[in-house]
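Participant: My structure is in query14.csv, and what it holds is CSV, C-alpha atoms:
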chain,number,residue,atom,x,y,z
A,338,MET,CA,121.2,18.3,60.1
A,339,PHE,CA,119.8,21.1,62.3
A,340,LYS,CA,119.7,18.8,65.3
A,341,ARG,CA,123.4,17.9,64.8
A,342,THR,CA,124.3,21.5,64.6
A,343,ILE,CA,122.4,22.3,67.9
A,344,LEU,CA,124.1,19.3,69.5
A,345,PHE,CA,127.5,20.3,68.3
A,346,PHE,CA,127.1,23.9,69.6
A,347,GLY,CA,125.7,22.7,72.9
A,348,LEU,CA,128.7,20.3,73.4
A,349,THR,CA,131.2,23.0,72.3
A,350,VAL,CA,129.8,25.5,74.8
A,351,CYS,CA,129.7,22.9,77.7
A,352,LEU,CA,133.2,21.6,77.0
A,353,GLY,CA,134.6,25.1,76.4
A,354,ALA,CA,133.4,26.4,79.7
A,355,THR,CA,135.1,23.6,81.7
A,356,ALA,CA,138.3,23.4,79.6
A,357,CYS,CA,139.2,27.0,80.2
A,358,ALA,CA,140.2,26.5,83.8
A,359,GLN,CA,143.9,26.5,84.3
A,360,GLU,CA,146.1,25.8,87.3
A,361,LEU,CA,148.0,28.9,88.3
A,362,THR,CA,150.3,27.6,91.0
A,363,THR,CA,153.7,26.2,90.2
A,364,ASN,CA,154.4,22.8,91.6
A,365,GLY,CA,151.4,22.9,93.9
A,366,GLY,CA,151.6,19.1,94.4
A,367,PHE,CA,155.4,19.2,94.9
A,368,GLU,CA,155.7,16.6,92.2
A,369,THR,CA,159.0,18.0,91.0
A,370,GLY,CA,160.4,16.4,94.1
A,371,ASP,CA,161.6,19.7,95.4
A,372,LEU,CA,160.3,23.2,96.3
A,373,THR,CA,160.5,24.6,92.8
A,374,GLY,CA,158.2,27.6,92.5
A,375,TRP,CA,158.0,28.1,96.3
A,376,THR,CA,159.9,30.5,98.7
A,377,LEU,CA,160.5,29.7,102.3
A,378,GLY,CA,160.2,32.4,105.0
A,379,GLY,CA,160.8,32.2,108.7
A,380,SER,CA,163.3,30.5,110.9
A,381,ALA,CA,162.5,26.9,110.1
A,382,SER,CA,163.0,24.8,107.0
A,383,ALA,CA,160.9,22.8,104.6
A,384,PHE,CA,161.6,19.9,102.4
A,385,VAL,CA,159.7,17.5,100.0
A,386,THR,CA,158.9,14.0,101.3
A,387,THR,CA,157.2,10.9,100.0
A,388,SER,CA,155.0,10.2,103.1
A,389,PRO,CA,152.4,11.2,103.9
A,390,VAL,CA,151.0,12.4,100.6
A,391,HIS,CA,147.5,13.5,99.7
A,392,SER,CA,147.9,12.6,96.0
A,393,GLY,CA,150.8,11.9,93.7
A,394,THR,CA,154.3,11.0,95.0
A,395,TYR,CA,155.3,14.0,97.1
A,396,SER,CA,154.1,16.5,99.7
A,397,ALA,CA,156.0,19.3,101.6
A,398,LYS,CA,156.9,19.1,105.2
A,399,LEU,CA,157.5,22.1,107.4
A,400,THR,CA,160.0,21.5,110.1
A,401,PRO,CA,160.2,23.0,113.6
A,402,GLY,CA,161.5,26.5,114.2
A,403,THR,CA,161.5,29.3,116.7
A,404,SER,CA,159.2,31.5,114.7
A,405,ASP,CA,156.6,31.3,111.9
A,406,ASN,CA,157.6,29.5,108.8
A,407,ILE,CA,155.8,30.1,105.6
A,408,LEU,CA,155.9,28.7,102.0
A,409,TYR,CA,154.7,31.2,99.5
A,410,GLN,CA,154.6,32.0,95.8
A,411,THR,CA,153.4,34.7,93.6
A,412,ILE,CA,150.9,33.9,90.8
A,413,ASN,CA,149.5,35.8,87.9
A,414,THR,CA,145.9,37.0,88.4
A,415,THR,CA,143.5,39.6,86.9
A,416,ALA,CA,142.3,42.3,89.3
A,417,GLY,CA,138.6,41.8,90.1
A,418,ASP,CA,138.5,38.2,89.0
A,419,VAL,CA,137.6,35.5,91.5
A,420,TYR,CA,139.8,32.5,92.1
A,421,SER,CA,139.4,29.2,94.0
A,422,PHE,CA,142.3,28.7,96.4
A,423,SER,CA,142.6,25.2,97.8
A,424,VAL,CA,145.1,23.4,100.0
A,425,TRP,CA,145.3,20.0,101.7
A,426,LEU,CA,146.9,20.0,105.2
A,427,ILE,CA,147.8,17.3,107.7
A,428,ASP,CA,149.3,17.3,111.2
A,429,THR,CA,150.6,13.9,112.3
A,430,GLY,CA,151.7,15.3,115.6
A,431,ARG,CA,150.1,15.0,119.0
A,432,ALA,CA,146.3,14.9,118.8
A,433,GLY,CA,144.8,18.0,120.5
A,434,ASP,CA,148.2,19.9,120.6
A,435,SER,CA,147.1,23.5,120.3
A,436,SER,CA,150.6,25.0,120.4
A,437,ASP,CA,150.8,24.7,116.6
A,438,PHE,CA,148.8,26.9,114.4
A,439,ASP,CA,148.6,27.8,110.8
A,440,LYS,CA,147.3,30.4,108.4
A,441,LEU,CA,146.5,30.7,104.7
A,442,TYR,CA,147.4,33.9,103.0
A,443,TRP,CA,146.0,35.5,99.9
A,444,ASP,CA,147.6,38.7,98.6
A,445,GLY,CA,149.4,39.3,101.9
A,446,ASN,CA,146.3,38.9,104.1
A,447,ILE,CA,145.1,36.1,106.2
A,448,VAL,CA,142.3,34.3,104.4
A,449,PRO,CA,139.0,34.9,106.4
A,450,GLY,CA,137.8,31.6,107.7
A,451,SER,CA,141.1,29.8,107.1
A,452,PRO,CA,142.2,27.3,109.7
A,453,THR,CA,144.0,28.5,112.8
A,454,PHE,CA,144.6,25.0,114.0
A,455,VAL,CA,144.8,21.7,112.0
A,456,PRO,CA,143.9,18.8,114.2
A,457,GLY,CA,146.8,16.5,115.0
A,458,ASP,CA,144.6,13.6,113.9
A,459,SER,CA,146.8,12.3,111.0
A,460,VAL,CA,143.9,13.0,108.5
A,461,TRP,CA,144.2,15.2,105.4
A,462,HIS,CA,142.0,18.2,105.7
A,463,ASN,CA,141.0,20.3,102.6
A,464,TYR,CA,140.5,24.1,102.9
A,465,SER,CA,139.1,25.8,99.9
A,466,PHE,CA,138.1,29.5,99.4
A,467,ASP,CA,136.8,31.7,96.6
A,468,LEU,CA,138.8,34.9,96.7
A,469,GLN,CA,139.0,38.0,94.6
A,470,ALA,CA,142.3,39.2,93.1
A,471,THR,CA,143.2,42.9,93.6
A,472,GLY,CA,146.1,43.1,91.1
A,473,SER,CA,147.9,41.5,88.3
A,474,THR,CA,149.8,39.2,90.7
A,475,THR,CA,148.8,37.7,94.0
A,476,GLN,CA,150.9,36.1,96.7
A,477,ILE,CA,149.6,32.9,98.2
A,478,GLY,CA,151.0,31.3,101.3
A,479,VAL,CA,150.7,28.6,103.9
A,480,GLU,CA,152.1,29.4,107.3
A,481,ALA,CA,152.8,27.2,110.4
A,482,TYR,CA,154.1,28.4,113.8
A,483,ASN,CA,156.5,26.2,115.7
A,484,PRO,CA,155.3,23.0,113.9
A,485,SER,CA,156.1,19.9,115.9
A,486,GLY,CA,157.8,18.5,112.9
A,487,ASN,CA,154.7,16.7,111.6
A,488,TYR,CA,153.1,19.3,109.5
A,489,PHE,CA,152.5,18.6,105.8
A,490,LEU,CA,150.8,20.3,102.8
A,491,ASP,CA,149.9,19.0,99.4
A,492,ASP,CA,147.8,19.8,96.3
A,493,VAL,CA,147.9,23.6,96.7
A,494,SER,CA,145.8,24.9,93.9
A,495,VAL,CA,144.6,28.2,92.5
A,496,MET,CA,142.2,28.2,89.6
A,497,ALA,CA,139.9,30.8,88.1
A,498,ALA,CA,136.5,30.2,89.8
A,499,PRO,CA,134.0,28.8,87.4
A,500,ALA,CA,131.6,31.3,85.9
A,501,PRO,CA,129.0,29.1,84.3
A,502,GLU,CA,126.4,31.8,83.6
A,503,PRO,CA,127.4,32.6,80.0
A,504,ALA,CA,127.5,28.9,79.1
A,505,SER,CA,124.2,28.3,80.8
A,506,LEU,CA,122.6,31.2,79.0
A,507,SER,CA,124.0,30.0,75.7
A,508,LEU,CA,122.5,26.5,76.3
A,509,ILE,CA,119.2,27.9,77.3
A,510,ALA,CA,119.2,30.1,74.1
A,511,LEU,CA,120.1,27.1,72.0
A,512,GLY,CA,117.4,25.0,73.6
A,513,ALA,CA,114.9,27.8,72.9
A,514,VAL,CA,115.9,28.0,69.2
A,515,ALA,CA,115.7,24.2,68.9
A,516,LEU,CA,112.2,24.2,70.5
A,517,PHE,CA,111.1,27.1,68.3
A,518,ARG,CA,112.3,25.3,65.1
A,519,ARG,CA,110.7,22.1,66.2
A,520,ARG,CA,107.3,23.8,66.7
A,521,GLN,CA,107.6,25.5,63.3
A,522,ALA,CA,108.2,22.2,61.6
A,523,ARG,CA,104.9,20.8,62.9
Show this structure as structure tokens.

Facilitator:
Amino acid sequence: MFKRTILFFGLTVCLGATACAQELTTNGGFETGDLTGWTLGGSASAFVTTSPVHSGTYSAKLTPGTSDNILYQTINTTAGDVYSFSVWLIDTGRAGDSSDFDKLYWDGNIVPGSPTFVPGDSVWHNYSFDLQATGSTTQIGVEAYNPSGNYFLDDVSVMAAPAPEPASLSLIALGAVALFRRRQAR
């Protein structure tokens, strides 16, 4: 009976730690078939398309313009907490074309280390960063300057960064209790 109890608590802690992660973006994969949840800024336009896609049925395409164009949205966060911000980008334009550039934004600031140029190699590239929120809301954004008409994004995601330490400590404590009980039974 005691072994079953230890096993139950161990599984509960393990599963509970991973089940708590929740997607914070609205329509990050553009699976509504439109730009629901997103706001477009700049002189260009954006629309949802079925090709190319990283996953699912849709992705967003940023179209050419005379200035920066940016898709952004505001998400709920907790000041001081760390979040994983991830986006998949592809440029199907001219390989080596350095006239286009892009930026990722977190809370109105360019994400340090974010791409300044996505290669025009027709391959999806993932950019992922762990970032700290400074307030109860955070604006995220993906910007492209003068895209050649071949710039797509998909699977934009923000999730609370995993904090496995409490679960790990609980499992260690449960293991120690089980070991102690086992030694006492001998």

Participant: With a distance cut-off of 8 Å and all atoms listed in the file, select the neighbouring residues of Asp492 in chain A, excluding the residue or stretch itself and same-chain residues fewer than 2 positions from it, and output the selection as a ChimeraX atom specification.

Facilitator: /A:365-367,391-392,396,423-425,490,494

Participant: What does the distance from CA of Trp375 in chain A to CA of Thr453 in chain A come to in Å, to one decimal?

Facilitator: 21.6 Å

Participant: Would you please work out which residue, of A:Thr362, A:Asn406, A:Ser380, A:Ser421, is nearest to Gln476 in chain A when using only C-alpha atoms?

Facilitator: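 The closest residue to Gln476 in chain A is A:Thr362.
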
Participant: Would you mind reading off the distance between CA of Val455 in chain A and CA of Ile427 in chain A, one decimal, in Å?

Facilitator: 6.8 Å

Participant: Please determine, counting only C-alpha atoms, which residue among A:Asn487, A:Thr376, A:Asn446, A:Ser388 has the shortest atom-to-atom distance to Gly430 in chain A.

Facilitator: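 Among the listed residues, A:Asn487 lies closest to Gly430 in chain A.
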
Participant: Expressed in Å to a single decimal, how great is the separation between CA of Gly450 in chain A and CA of Leu408 in chain A?

Facilitator: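 For CA of Gly450 in chain A relative to CA of Leu408 in chain A, the distance reads 19.2 Å.
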
Participant: For a quick check of understanding, using all atoms listed in the file, which of A:Gly478, A:Gly417, A:Gly393, A:Pro499 has the smallest distance to Ile447 in chain A?

Facilitator: A:Gly478

Participant: Nearest to Met496 in chain A among A:Phe422, A:Tyr464, A:Tyr395, A:Phe454, with distances taken over all atoms listed in the file: which residue is it?

Facilitator: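 Going through A:Phe422, A:Tyr464, A:Tyr395, A:Phe454 one by one, the smallest distance to Met496 in chain A is for A:Phe422.
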
Participant: Rank nothing, just name the residue among A:Thr400, A:Thr429, A:Thr373, A:Thr415 nearest to Gln469 in chain A, using all atoms listed in the file.

Facilitator: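 So, comparing all the options, the nearest one is A:Thr415.
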
Participant: Counting all atoms listed in the file, which of A:Gly374, A:Gly445, A:Pro389, A:Gly457 gets nearest to Ile477 in chain A?

Facilitator: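 Counting all atoms listed in the file, the residue closest to Ile477 in chain A is A:Gly445.
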
Participant: Could you name the residues that touch Ala383 in chain A at 8 Å or less, counting only C-alpha atoms, but leaving out those on the same chain fewer than 3 positions away, as a PyMOL selection string?

Facilitator: chain A and resi 377+397-400

Participant: Skipping near chain neighbours, those fewer than 5 positions away, what residues fall within 12 Å of Ala416 in chain A using all atoms listed in the file, listed as a PDB file with C-alpha atoms, keeping the file's coordinate frame?

Facilitator:
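Output file out_7.pdb follows:
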ATOM      1  CA  ASP A 444     147.600  38.700  98.600  1.00  0.00           C
ATOM      2  CA  LEU A 468     138.800  34.900  96.700  1.00  0.00           C
ATOM      3  CA  GLN A 469     139.000  38.000  94.600  1.00  0.00           C
ATOM      4  CA  ALA A 470     142.300  39.200  93.100  1.00  0.00           C
ATOM      5  CA  THR A 471     143.200  42.900  93.600  1.00  0.00           C
ATOM      6  CA  GLY A 472     146.100  43.100  91.100  1.00  0.00           C
ATOM      7  CA  SER A 473     147.900  41.500  88.300  1.00  0.00           C
ATOM      8  CA  THR A 474     149.800  39.200  90.700  1.00  0.00           C
ATOM      9  CA  THR A 475     148.800  37.700  94.000  1.00  0.00           C
ATOM     10  CA  ALA A 497     139.900  30.800  88.100  1.00  0.00           C
TER      11      ALA A 497
END
